[in-house]
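Structure data (mmCIF, C-alpha atoms) from protein-v5.cif:
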data_structure
loop_
_atom_site.label_atom_id
_atom_site.label_comp_id
_atom_site.auth_asym_id
_atom_site.auth_seq_id
_atom_site.Cartn_x
_atom_site.Cartn_y
_atom_site.Cartn_z
CA MET P 1 86.73 -31.89 115.93
CA ARG P 2 83.87 -30.10 117.61
CA ARG P 3 81.41 -31.93 115.36
CA ASP P 4 83.05 -35.26 116.28
CA GLY P 5 82.56 -34.49 119.95
CA TRP P 6 78.92 -33.62 119.40
CA LEU P 7 78.29 -36.81 117.43
CA ALA P 8 80.08 -38.94 120.01
CA THR P 9 77.86 -37.46 122.71
CA ALA P 10 74.73 -38.11 120.66
CA ILE P 11 75.75 -41.72 120.00
CA ALA P 12 76.69 -42.28 123.64
CA LEU P 13 73.33 -40.88 124.74
CA ALA P 14 71.56 -43.73 122.96
CA GLY P 15 74.42 -46.19 123.16
CA ASP P 16 75.01 -49.42 125.01
CA LEU P 17 77.97 -49.82 127.36
CA SER P 18 78.46 -53.50 126.55
CA PRO P 19 79.43 -54.50 122.97
CA ASP P 20 78.30 -58.09 123.63
CA THR P 21 74.87 -56.91 124.67
CA ALA P 22 74.68 -54.65 121.64
CA THR P 23 75.46 -57.57 119.31
CA THR P 24 72.73 -59.68 120.92
CA ARG P 25 70.24 -56.83 120.67
CA LEU P 26 71.02 -56.32 117.00
CA ARG P 27 70.60 -60.04 116.34
CA LEU P 28 67.11 -60.03 117.88
CA GLU P 29 66.11 -56.81 116.08
CA ARG P 30 67.37 -58.19 112.77
CA GLN P 31 65.52 -61.49 113.12
CA VAL P 32 62.19 -59.88 114.01
CA LEU P 33 62.53 -57.16 111.37
CA LEU P 34 63.25 -59.63 108.58
CA ALA P 35 60.46 -61.94 109.76
CA TRP P 36 58.15 -58.93 109.79
CA GLY P 37 59.14 -57.97 106.25
CA THR P 38 58.75 -61.52 104.97
CA VAL P 39 55.29 -61.96 106.50
CA ARG P 40 54.24 -58.46 105.40
CA THR P 41 55.14 -59.36 101.83
CA ILE P 42 53.23 -62.64 102.09
CA VAL P 43 50.19 -60.76 103.40
CA TRP P 44 50.49 -58.23 100.56
CA ALA P 45 50.68 -61.10 98.08
CA THR P 46 47.58 -62.80 99.45
CA LEU P 47 45.45 -59.68 99.76
CA ASP P 48 43.97 -57.94 96.74
CA THR P 49 46.84 -55.51 96.34
CA PRO P 50 47.38 -53.80 92.99
CA LEU P 51 51.06 -54.81 93.09
CA ASP P 52 52.65 -57.12 90.55
CA ALA P 53 52.41 -60.73 91.77
CA THR P 54 55.83 -61.71 90.38
CA LEU P 55 57.47 -58.79 92.15
CA LEU P 56 55.88 -59.81 95.43
CA VAL P 57 56.87 -63.47 95.08
CA VAL P 58 60.48 -62.65 94.13
CA THR P 59 60.91 -60.13 96.95
CA ALA P 60 59.25 -62.53 99.43
CA ILE P 61 61.82 -65.20 98.48
CA VAL P 62 64.69 -62.73 98.92
CA LEU P 63 63.37 -61.58 102.29
CA ALA P 64 62.78 -65.17 103.45
CA THR P 65 66.36 -66.03 102.46
CA ALA P 66 67.64 -63.03 104.40
CA LEU P 67 65.53 -64.15 107.36
CA ALA P 68 67.08 -67.62 107.25
CA LEU P 69 70.58 -66.08 107.13
CA ALA P 70 69.73 -63.94 110.16
CA PHE P 71 69.60 -67.14 112.21
CA THR P 72 73.08 -68.30 111.14
CA PRO P 73 76.01 -66.84 113.11
CA ARG P 74 78.27 -66.84 110.05
CA PHE P 75 75.98 -64.91 107.70
CA GLU P 76 73.70 -62.94 110.02
CA ALA P 77 75.56 -59.68 109.40
CA ILE P 78 74.79 -59.74 105.67
CA ALA P 79 71.11 -60.62 106.08
CA SER P 80 69.91 -57.01 106.19
CA ARG P 81 72.15 -56.09 103.24
CA LEU P 82 70.50 -58.85 101.23
CA ALA P 83 67.02 -57.64 102.21
CA LEU P 84 67.67 -53.99 101.38
CA PRO P 85 67.42 -54.23 97.55
CA ALA P 86 64.15 -56.18 97.86
CA LEU P 87 62.73 -53.44 100.09
CA LEU P 88 63.87 -50.72 97.68
CA VAL P 89 62.10 -52.53 94.83
CA GLN P 90 58.93 -52.68 96.94
CA LEU P 91 59.31 -48.99 97.76
CA ALA P 92 59.54 -48.10 94.07
CA ALA P 93 56.46 -50.23 93.36
CA THR P 94 54.33 -48.71 96.12
CA LEU P 95 55.17 -45.00 95.93
CA PRO P 96 53.44 -42.63 96.49
CA VAL P 97 51.04 -44.64 98.65
CA THR P 98 53.67 -46.59 100.59
CA PRO P 99 52.51 -47.15 104.20
CA ASN P 100 54.53 -45.47 106.93
CA HIS P 101 55.14 -48.88 108.51
CA PHE P 102 57.14 -49.79 105.45
CA PHE P 103 59.29 -46.67 105.74
CA LEU P 104 60.06 -47.54 109.35
CA GLU P 105 61.02 -51.08 108.30
CA LEU P 106 63.20 -49.69 105.51
CA TYR P 107 65.00 -47.16 107.74
CA ALA P 108 65.70 -49.81 110.39
CA THR P 109 66.97 -52.24 107.75
CA MET P 110 69.27 -49.57 106.32
CA ILE P 111 70.79 -49.00 109.75
CA LEU P 112 71.11 -52.73 110.47
CA ALA P 113 72.81 -53.24 107.10
CA LEU P 114 75.72 -51.20 108.46
CA ALA P 115 76.55 -53.79 111.14
CA ASP P 116 79.55 -56.00 110.44
CA ARG P 117 80.27 -59.62 111.35
CA GLU P 118 82.89 -58.82 113.96
CA GLY P 119 80.47 -56.68 115.91
CA GLU P 120 82.87 -53.74 116.05
CA ASP P 121 80.13 -51.31 115.02
CA ALA P 122 77.39 -52.91 117.09
CA GLY P 123 77.23 -50.02 119.58
CA LEU P 124 77.00 -47.47 116.79
CA VAL P 125 74.30 -49.39 114.91
CA LEU P 126 72.32 -49.94 118.09
CA ALA P 127 72.53 -46.21 118.84
CA GLY P 128 71.22 -45.55 115.33
CA LEU P 129 68.26 -47.89 115.88
CA ARG P 130 67.49 -46.27 119.21
CA TRP P 131 67.61 -42.80 117.74
CA LEU P 132 65.35 -43.95 114.91
CA THR P 133 62.81 -45.26 117.43
CA VAL P 134 62.95 -42.11 119.54
CA ILE P 135 62.65 -39.79 116.55
CA VAL P 136 59.72 -41.62 114.98
CA LEU P 137 57.79 -41.58 118.26
CA PHE P 138 58.61 -37.89 118.78
CA VAL P 139 57.68 -36.97 115.20
CA THR P 140 54.25 -38.60 115.51
CA GLY P 141 53.59 -36.33 118.51
CA CYS P 142 54.89 -33.26 116.67
CA GLN P 143 52.69 -34.06 113.67
CA LYS P 144 49.62 -34.30 115.90
CA LEU P 145 50.41 -30.89 117.36
CA ALA P 146 51.21 -29.38 113.96
CA TRP P 147 47.91 -30.45 112.40
CA GLY P 148 46.02 -28.96 115.33
CA HIS P 149 43.32 -31.58 115.80
CA TYR P 150 44.28 -33.01 119.19
CA VAL P 151 44.19 -30.10 121.63
CA HIS P 152 40.38 -29.90 121.48
CA GLY P 153 39.95 -33.59 120.60
CA ASP P 154 38.68 -32.81 117.07
CA PHE P 155 40.44 -35.68 115.32
CA LEU P 156 39.18 -38.30 117.74
CA ALA P 157 35.71 -36.75 117.61
CA PHE P 158 35.86 -37.02 113.83
CA MET P 159 36.86 -40.69 114.10
CA VAL P 160 33.96 -41.30 116.49
CA GLY P 161 31.68 -39.66 113.93
CA ARG P 162 33.01 -41.96 111.23
CA GLY P 163 32.51 -45.01 113.44
CA ASP P 164 36.20 -45.76 113.02
CA ARG P 165 37.74 -48.67 114.91
CA PHE P 166 40.39 -46.32 116.34
CA ALA P 167 37.66 -44.32 118.09
CA ASP P 168 36.48 -47.33 120.11
CA LEU P 169 39.38 -46.64 122.48
CA PHE P 170 38.04 -43.19 123.28
CA ALA P 171 34.31 -43.12 122.51
CA TRP P 172 33.30 -44.83 125.76
CA VAL P 173 33.72 -41.60 127.72
CA LEU P 174 31.26 -39.71 125.49
CA PRO P 175 27.50 -39.51 126.16
CA ALA P 176 25.38 -41.37 123.62
CA THR P 177 23.85 -38.09 122.47
CA GLU P 178 27.28 -36.73 121.57
CA ILE P 179 28.15 -39.87 119.63
CA ALA P 180 24.83 -39.63 117.77
CA ARG P 181 25.51 -35.96 116.97
CA LEU P 182 28.99 -36.69 115.62
CA GLN P 183 27.70 -39.60 113.57
CA SER P 184 24.92 -37.47 112.06
CA TYR P 185 27.38 -35.32 110.08
CA ASP P 186 28.23 -36.00 106.44
CA PRO P 187 32.04 -35.63 106.40
CA PHE P 188 32.11 -34.96 102.65
CA ARG P 189 29.82 -31.92 102.94
CA GLY P 190 31.51 -28.55 103.42
CA GLY P 191 30.58 -26.95 106.76
CA SER P 192 29.65 -30.25 108.44
CA GLY P 193 30.43 -30.24 112.12
CA PRO P 194 31.59 -29.11 114.52
CA TYR P 195 33.60 -32.21 115.32
CA ARG P 196 34.27 -30.88 118.78
CA VAL P 197 33.12 -32.17 122.16
CA THR P 198 33.27 -30.75 125.65
CA ALA P 199 33.60 -33.99 127.66
CA PRO P 200 36.74 -33.28 129.77
CA ALA P 201 37.83 -36.93 129.91
CA PHE P 202 37.70 -37.18 126.12
CA VAL P 203 39.74 -33.99 125.60
CA LEU P 204 42.17 -35.14 128.29
CA MET P 205 42.73 -38.47 126.55
CA SER P 206 43.22 -36.71 123.24
CA ASN P 207 45.94 -34.51 124.73
CA ALA P 208 47.49 -37.45 126.57
CA VAL P 209 48.26 -39.06 123.19
CA TRP P 210 50.52 -36.32 121.83
CA ILE P 211 52.00 -35.53 125.24
CA ALA P 212 53.02 -39.19 125.64
CA GLU P 213 54.55 -39.16 122.17
CA LEU P 214 56.68 -36.14 123.06
CA VAL P 215 57.64 -37.10 126.62
CA LEU P 216 58.36 -40.83 126.25
CA PRO P 217 61.14 -40.37 123.66
CA ALA P 218 63.00 -38.01 125.97
CA ALA P 219 62.55 -40.43 128.88
CA LEU P 220 63.93 -43.26 126.72
CA LEU P 221 67.20 -41.37 126.31
CA VAL P 222 67.73 -40.73 130.02
CA PRO P 223 69.33 -43.78 131.69
CA ARG P 224 67.46 -43.26 134.97
CA THR P 225 64.02 -43.25 133.31
CA ARG P 226 64.82 -45.63 130.44
CA ALA P 227 63.37 -48.82 131.94
CA ALA P 228 60.09 -47.22 133.01
CA ALA P 229 59.81 -45.31 129.74
CA THR P 230 60.34 -48.49 127.73
CA ALA P 231 57.59 -50.31 129.62
CA LEU P 232 55.21 -47.34 129.33
CA ALA P 233 56.00 -46.86 125.65
CA VAL P 234 55.31 -50.52 124.88
CA VAL P 235 51.98 -50.36 126.74
CA PHE P 236 51.12 -47.07 125.00
CA VAL P 237 51.98 -48.34 121.51
CA LEU P 238 50.18 -51.63 122.02
CA ALA P 239 47.06 -49.86 123.35
CA VAL P 240 46.93 -47.33 120.52
CA GLN P 241 47.86 -49.72 117.74
CA LEU P 242 45.59 -52.50 118.95
CA GLY P 243 42.85 -49.89 119.17
CA ALA P 244 43.60 -48.98 115.58
CA ARG P 245 43.89 -52.73 114.84
CA GLU P 246 47.26 -52.09 113.27
CA MET P 247 48.82 -55.18 114.78
CA GLY P 248 51.65 -55.23 112.27
CA PHE P 249 52.87 -51.82 113.37
CA ALA P 250 52.43 -52.77 117.04
CA ILE P 251 54.77 -55.76 116.61
CA LEU P 252 57.31 -53.74 114.63
CA PHE P 253 57.46 -50.78 116.98
CA ALA P 254 57.33 -52.82 120.19
CA ASN P 255 60.42 -54.69 118.99
CA LEU P 256 62.22 -51.46 118.12
CA LEU P 257 61.44 -50.25 121.65
CA MET P 258 63.02 -53.46 122.93
CA ALA P 259 66.38 -51.98 121.87
CA PHE P 260 66.07 -50.05 125.16
CA ALA P 261 64.92 -52.97 127.33
CA PRO P 262 67.00 -55.52 129.24
CA VAL P 263 68.23 -58.24 126.88
CA ALA P 264 66.19 -60.92 128.68
CA ALA P 265 63.00 -58.96 128.06
CA SER P 266 64.01 -58.32 124.43
CA ARG P 267 64.51 -62.05 123.95
CA ILE P 268 61.03 -62.86 125.29
CA VAL P 269 59.33 -60.20 123.17
CA ALA P 270 61.27 -61.28 120.08
CA THR P 271 60.27 -64.92 120.61
CA VAL P 272 56.61 -64.02 121.08
CA SER P 273 56.74 -61.72 118.03
CA LEU P 274 58.33 -64.39 115.83
CA ALA P 275 55.64 -66.86 116.91
CA MET P 276 52.89 -64.32 116.16
CA LEU P 277 54.38 -63.54 112.78
CA ALA P 278 54.58 -67.26 111.96
CA VAL P 279 50.88 -67.62 112.80
CA VAL P 280 49.95 -64.56 110.73
CA GLY P 281 52.00 -65.84 107.79
CA GLY P 282 50.27 -69.20 108.14
CA MET P 283 46.86 -67.50 108.21
CA ALA P 284 47.71 -65.50 105.11
CA VAL P 285 48.64 -68.56 103.06
CA GLY P 286 45.83 -70.67 104.49
CA VAL P 287 47.75 -73.31 106.45
CA VAL P 288 46.46 -71.84 109.73
CA PRO P 289 42.76 -71.00 110.06
CA GLY P 290 41.90 -67.31 110.43
CA GLY P 291 42.54 -65.79 107.02
CA ALA P 292 39.58 -63.47 107.59
CA LEU P 293 41.35 -62.09 110.66
CA VAL P 294 44.28 -60.99 108.51
CA ARG P 295 41.83 -58.99 106.41
CA ALA P 296 39.73 -57.64 109.30
CA TRP P 297 42.75 -56.54 111.29
CA HIS P 298 44.82 -53.96 109.52
CA LEU P 299 48.00 -55.99 109.64
CA TRP P 300 49.81 -54.17 106.90
CA MET Z 1 84.13 -46.49 111.30
CA THR Z 2 83.86 -42.82 110.39
CA ALA Z 3 82.06 -43.65 107.13
CA LYS Z 4 79.61 -45.90 108.97
CA ARG Z 5 79.08 -43.30 111.63
CA ASN Z 6 78.32 -40.72 108.98
CA ALA Z 7 75.91 -43.14 107.31
CA VAL Z 8 74.04 -43.78 110.58
CA VAL Z 9 73.91 -40.06 111.35
CA GLY Z 10 72.75 -39.33 107.79
CA ILE Z 11 69.88 -41.81 108.00
CA VAL Z 12 68.80 -40.60 111.43
CA LEU Z 13 68.97 -36.94 110.40
CA ALA Z 14 67.00 -37.65 107.23
CA VAL Z 15 64.27 -39.36 109.27
CA ALA Z 16 64.22 -36.41 111.69
CA LEU Z 17 64.15 -33.65 109.06
CA TRP Z 18 62.03 -35.16 106.29
CA PRO Z 19 58.73 -34.54 108.17
CA LEU Z 20 59.37 -30.79 107.79
CA GLY Z 21 59.65 -31.20 104.03
CA GLN Z 22 56.63 -33.49 103.89
CA HIS Z 23 54.57 -31.04 105.97
CA TRP Z 24 55.45 -28.24 103.54
CA LEU Z 25 54.60 -30.42 100.54
CA VAL Z 26 51.27 -31.49 102.01
CA THR Z 27 50.19 -27.99 103.04
CA ARG Z 28 51.40 -26.50 99.72
CA TYR Z 29 49.92 -29.09 97.37
CA GLY Z 30 47.13 -30.61 99.44
CA GLY Z 31 48.40 -34.17 99.61
CA ASP Z 32 47.72 -36.84 102.20
CA PRO Z 33 49.54 -36.20 105.50
CA TRP Z 34 49.41 -39.93 106.20
CA LYS Z 35 51.69 -40.69 103.23
CA LEU Z 36 55.26 -40.09 102.11
CA GLY Z 37 56.91 -41.52 105.21
CA ALA Z 38 56.64 -38.66 107.67
CA PHE Z 39 54.64 -40.51 110.35
CA ALA Z 40 51.63 -38.18 110.43
CA MET Z 41 49.12 -41.02 110.45
CA TYR Z 42 46.19 -40.35 112.78
CA ALA Z 43 47.19 -36.67 112.99
CA THR Z 44 44.38 -35.46 110.73
CA PRO Z 45 41.57 -37.11 108.74
CA ASN Z 46 42.52 -38.39 105.29
CA LEU Z 47 39.24 -38.69 103.46
CA PRO Z 48 39.33 -40.11 99.92
CA VAL Z 49 39.11 -37.63 97.07
CA LEU Z 50 35.76 -37.52 95.32
CA MET Z 51 35.90 -37.28 91.55
CA ALA Z 52 33.33 -36.81 88.80
CA VAL Z 53 33.98 -36.73 85.08
CA VAL Z 54 31.59 -34.88 82.80
CA GLY Z 55 31.71 -35.22 79.04
CA THR Z 56 30.40 -32.74 76.46
CA GLY Z 57 29.21 -34.27 73.19
CA PRO Z 58 26.72 -33.69 70.39
CA THR Z 59 23.76 -34.04 72.76
CA GLY Z 60 25.18 -31.79 75.48
CA MET Z 61 26.81 -32.44 78.84
CA ALA Z 62 26.46 -35.65 80.85
CA VAL Z 63 28.24 -37.28 83.75
CA ILE Z 64 30.34 -40.15 82.42
CA ASP Z 65 29.27 -43.42 84.03
CA GLU Z 66 32.63 -44.98 84.85
CA THR Z 67 31.17 -48.49 84.75
CA THR Z 68 30.62 -48.04 81.00
CA LEU Z 69 34.35 -47.51 80.43
CA PRO Z 70 36.77 -50.34 79.60
CA ALA Z 71 38.18 -52.15 82.65
CA TRP Z 72 41.68 -50.76 82.10
CA ALA Z 73 40.30 -47.21 82.02
CA GLN Z 74 38.39 -47.78 85.26
CA GLN Z 75 41.58 -49.07 86.86
CA ARG Z 76 43.45 -45.94 85.78
CA LEU Z 77 40.73 -43.76 87.29
CA ASP Z 78 40.92 -45.71 90.55
CA ARG Z 79 44.70 -45.41 90.56
CA PHE Z 80 44.43 -41.69 89.87
CA ARG Z 81 42.17 -41.20 92.90
CA VAL Z 82 44.70 -42.91 95.14
CA GLU Z 83 47.64 -40.96 93.73
CA ARG Z 84 45.75 -37.66 93.85
CA LEU Z 85 44.92 -38.23 97.52
CA ALA Z 86 48.59 -38.93 98.26
CA LEU Z 87 50.15 -36.17 96.17
CA GLY Z 88 47.44 -33.51 95.95
CA THR Z 89 47.77 -31.12 93.04
CA LEU Z 90 51.21 -32.51 92.24
CA ARG Z 91 49.24 -35.32 90.55
CA ASP Z 92 47.78 -33.57 87.56
CA PRO Z 93 44.73 -35.19 85.86
CA ALA Z 94 45.88 -34.33 82.30
CA ASP Z 95 46.49 -37.99 81.40
CA ILE Z 96 43.01 -38.84 82.70
CA GLY Z 97 41.45 -36.13 80.52
CA ARG Z 98 43.33 -37.38 77.46
CA MET Z 99 42.42 -40.98 78.21
CA LEU Z 100 38.72 -40.15 78.45
CA LEU Z 101 38.81 -38.25 75.15
CA THR Z 102 40.46 -41.32 73.59
CA VAL Z 103 37.98 -43.90 74.89
CA ARG Z 104 35.02 -41.61 74.18
CA PRO Z 105 35.60 -40.28 70.64
CA ASP Z 106 32.07 -38.82 70.62
CA LEU Z 107 33.06 -36.18 73.20
CA THR Z 108 34.44 -32.76 72.36
CA SER Z 109 35.58 -31.99 75.90
CA VAL Z 110 35.91 -33.58 79.30
CA ASP Z 111 35.56 -31.87 82.71
CA VAL Z 112 37.36 -33.52 85.61
CA LEU Z 113 36.05 -32.34 88.99
CA ILE Z 114 37.97 -33.35 92.10
CA GLN Z 115 36.85 -32.68 95.66
CA ARG Z 116 39.35 -32.67 98.48
CA THR Z 117 37.83 -32.61 101.95
CA ILE Z 118 39.70 -31.56 105.07
CA LEU Z 119 38.88 -30.89 108.71
CA ASP Z 120 39.46 -27.20 109.45
CA PRO Z 121 41.31 -27.00 112.80
CA ARG Z 122 39.95 -23.50 113.52
CA THR Z 123 36.26 -24.38 113.22
CA ALA Z 124 36.35 -28.19 113.58
CA ARG Z 125 34.11 -28.27 110.52
CA MET Z 126 34.68 -29.87 107.14
CA ALA Z 127 36.04 -27.68 104.35
CA VAL Z 128 36.02 -28.63 100.70
CA ALA Z 129 37.95 -27.50 97.62
CA THR Z 130 36.73 -28.60 94.19
CA PRO Z 131 39.04 -27.65 91.34
CA ARG Z 132 37.70 -28.29 87.82
CA TYR Z 133 39.95 -29.22 84.92
CA VAL Z 134 38.56 -28.88 81.38
CA TYR Z 135 40.23 -30.79 78.53
CA GLU Z 136 39.11 -29.99 74.99
CA ARG Z 137 39.76 -32.17 71.98
CA GLY Z 138 42.62 -30.55 70.12
CA GLY Z 139 43.20 -28.19 73.04
CA PRO Z 140 46.22 -27.92 75.33
CA THR Z 141 47.11 -31.15 77.11
CA SER Z 142 47.80 -29.40 80.40
CA VAL Z 143 45.35 -26.90 81.84
CA GLU Z 144 45.03 -24.79 84.99
CA PRO Z 145 42.13 -25.71 87.28
CA ARG Z 146 39.10 -23.42 87.29
#
Would you mind writing the file's structure down as structure tokens?
Amino acid sequence: MRRDGWLATAIALAGDLSPDTATTRLRLERQVLLAWGTVRTIVWATLDTPLDATLLVVTAIVLATALALAFTPRFEAIASRLALPALLVQLAATLPVTPNHFFLELYATMILALADREGEDAGLVLAGLRWLTVIVLFVTGCQKLAWGHYVHGDFLAFMVGRGDRFADLFAWVLPATEIARLQSYDPFRGGSGPYRVTAPAFVLMSNAVWIAELVLPAALLVPRTRAAATALAVVFVLAVQLGAREMGFAILFANLLMAFAPVAASRIVATVSLAMLAVVGGMAVGVVPGGALVRAWHLW
Amino acid sequence: MTAKRNAVVGIVLAVALWPLGQHWLVTRYGGDPWKLGAFAMYATPNLPVLMAVVGTGPTGMAVIDETTLPAWAQQRLDRFRVERLALGTLRDPADIGRMLLTVRPDLTSVDVLIQRTILDPRTARMAVATPRYVYERGGPTSVEPR
């Protein structure tokens, strides 16, 4: 009884007061998620992945079928259930090097598979999706703290030294001499370093990353700060992920964050995301120019 | 409704708690923090593992040039590197040692040297660990690193 009360409070904390709104939100999340999975599989199939081509083609067909069902009112509720076995097959084929993006897609699909056609569980499923989003964002901040490379800016300094694309977001505040020093180290040689800088702006930005990842999830759960936190979180995720050129993850996570946004905003973001995914899918199979972009940008 | 609620709570709790297990696994066995679904990407560098294989034959020891191996053997070595990075010492190189002794019947033993490189958070300098596994023809199939 006490546990039931605790769970009800937790669900209500991330819940939606209107069942109709919850159903609409789930529909948009489902459509984007299945489009994301379909295009991801197409990109995997067209890149030089070590995965079995037949497996990729079969799972792409299953995911595309699920995507089509997600746009039909009668069958939309079973779309995620249809996609789930295909994702589990892909998981088995990619372990232990499965990307984290895929795990996020899988977890969200598992939760969406619990929704029924009548929409009776829509509030519960939406609360599950929101908790998933909040926890993943919070965990990324905890992991950065736990590994201990952000308080002094060491990780970002290391990335600057490696000339990594992710560092372009942060390197502009460092003097050229510091960048040259960091790039002079051989990262495979024991004792190389120190990958530590004293530029206050750089260290501040490094700390801002994990602080944002810990504070924004809490703000997403508080009704008064939810709207602002959603907008800030989308900007934050887009900035970081576009800096890392992980556009696939940016689309996926921005849409999960839309579970907190007004439905009108969710609809706009979902429409833009679906259009972007269609273009990326077209690029991957060669019907839209820009195949090189799919390779250059770390889409999946 | 209760069953579905339990399922949602179970998934959410698993996502919340698994990072603790993954962190323990990675620190215990030296795997890749970026892998295994615990969302630690960009938390710490994940440099590829470096690997060298040295064979001992009738003319002494020599580094095995991987490009001289059959294509399937090269693919297995590449796959091993990826799996070793992800799983650390949980991915034992015994099958690699046996494979090399099979494709190179002239060798009496094979040394597999693997370097894992991490960024030490205390010093902000790189730290390396290079375990060496020695597989002898007719010897035990599984060995402790030296």
Do you know which residues the PyMOL selection byres ((chain Z) within 8 of (chain P)) returns on this file, as a tab-separated table (two decimals) with C-alpha atoms, in the coordinates of the input?
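Output contents, as saved in out.tsv:
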chain	number	residue	atom	x	y	z
Z	1	MET	CA	84.13	-46.49	111.30
Z	4	LYS	CA	79.61	-45.90	108.97
Z	5	ARG	CA	79.08	-43.30	111.63
Z	8	VAL	CA	74.04	-43.78	110.58
Z	9	VAL	CA	73.91	-40.06	111.35
Z	11	ILE	CA	69.88	-41.81	108.00
Z	12	VAL	CA	68.80	-40.60	111.43
Z	15	VAL	CA	64.27	-39.36	109.27
Z	16	ALA	CA	64.22	-36.41	111.69
Z	19	PRO	CA	58.73	-34.54	108.17
Z	34	TRP	CA	49.41	-39.93	106.20
Z	35	LYS	CA	51.69	-40.69	103.23
Z	36	LEU	CA	55.26	-40.09	102.11
Z	37	GLY	CA	56.91	-41.52	105.21
Z	38	ALA	CA	56.64	-38.66	107.67
Z	39	PHE	CA	54.64	-40.51	110.35
Z	40	ALA	CA	51.63	-38.18	110.43
Z	41	MET	CA	49.12	-41.02	110.45
Z	42	TYR	CA	46.19	-40.35	112.78
Z	43	ALA	CA	47.19	-36.67	112.99
Z	44	THR	CA	44.38	-35.46	110.73
Z	45	PRO	CA	41.57	-37.11	108.74
Z	82	VAL	CA	44.70	-42.91	95.14
Z	83	GLU	CA	47.64	-40.96	93.73
Z	86	ALA	CA	48.59	-38.93	98.26
Z	87	LEU	CA	50.15	-36.17	96.17
Z	117	THR	CA	37.83	-32.61	101.95
Z	121	PRO	CA	41.31	-27.00	112.80
Z	123	THR	CA	36.26	-24.38	113.22
Z	124	ALA	CA	36.35	-28.19	113.58
Z	125	ARG	CA	34.11	-28.27	110.52
Z	126	MET	CA	34.68	-29.87	107.14
Z	127	ALA	CA	36.04	-27.68	104.35
Z	128	VAL	CA	36.02	-28.63	100.70
Apply the PyMOL selection byres ((chain Z and resi 92) around 10) to the displayed file and report the matching residues as JSON, numbers by chain.
{"Z": [80, 83, 84, 87, 88, 89, 90, 91, 93, 94, 95, 96, 97, 133, 142, 143, 144, 145]}
What is the distance between CA of Ala199 in chain P and CA of Glu213 in chain P, in Å to one decimal?
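So the answer is 22.3 Å.
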Pairwise distance for CA of Gly55 in chain Z and CA of Thr108 in chain Z, rounded to one decimal in Å:
7.6 Å
Counting all atoms listed in the file, find the residues whose atoms lie at most 10 Å from (59.2, -50.9, 98.6) (file coordinates) and write them out as a PyMOL selection string.
chain P and resi 41+59+84-95+98-99+102-103+105-106
Report, in Å to a single decimal, how far apart CA of Leu67 in chain P and CA of Met276 in chain P are.
15.4 Å
Counting all atoms listed in the file, which residues sit no farther than 7 Å from the position (63.2, -59.5, 106.7) in the file's frame? I'd like them as a PDB file with C-alpha atoms, keeping the file's coordinate frame.
ATOM      1  CA  LEU P  33      62.530 -57.160 111.370  1.00  0.00           C
ATOM      2  CA  LEU P  34      63.250 -59.630 108.580  1.00  0.00           C
ATOM      3  CA  ALA P  35      60.460 -61.940 109.760  1.00  0.00           C
ATOM      4  CA  TRP P  36      58.150 -58.930 109.790  1.00  0.00           C
ATOM      5  CA  GLY P  37      59.140 -57.970 106.250  1.00  0.00           C
ATOM      6  CA  THR P  38      58.750 -61.520 104.970  1.00  0.00           C
ATOM      7  CA  LEU P  63      63.370 -61.580 102.290  1.00  0.00           C
ATOM      8  CA  ALA P  64      62.780 -65.170 103.450  1.00  0.00           C
ATOM      9  CA  ALA P  66      67.640 -63.030 104.400  1.00  0.00           C
ATOM     10  CA  LEU P  67      65.530 -64.150 107.360  1.00  0.00           C
ATOM     11  CA  ALA P  83      67.020 -57.640 102.210  1.00  0.00           C
TER      12      ALA P  83
END
Could you give me, as a VMD selection string, the residues within 8 Å of range 218-226 of chain P, counting all atoms listed in the file and dropping anything in the same chain fewer than 3 positions from it?
chain P and resid 13 to 14 134 214 to 215 229 to 230 260 to 261
Run the PyMOL selection byres ((chain Z and resi 47) around 8) mentally over the shown coordinates, then write out the matched residues as a VMD selection string, using the chain letters and numbers from the document.
chain Z and resid 45 to 46 48 to 49 116 to 118
With a distance cut-off of 8 Å and all atoms listed in the file, select the neighbouring residues of Ala113 in chain P, excluding the residue or stretch itself and same-chain residues fewer than 5 positions from it, and output the selection as a list in words.
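Neighbouring residues, sequence-local ones excluded: Ala77, Ile78, Ala79, Ser80, Arg81 and Leu84 of chain P.
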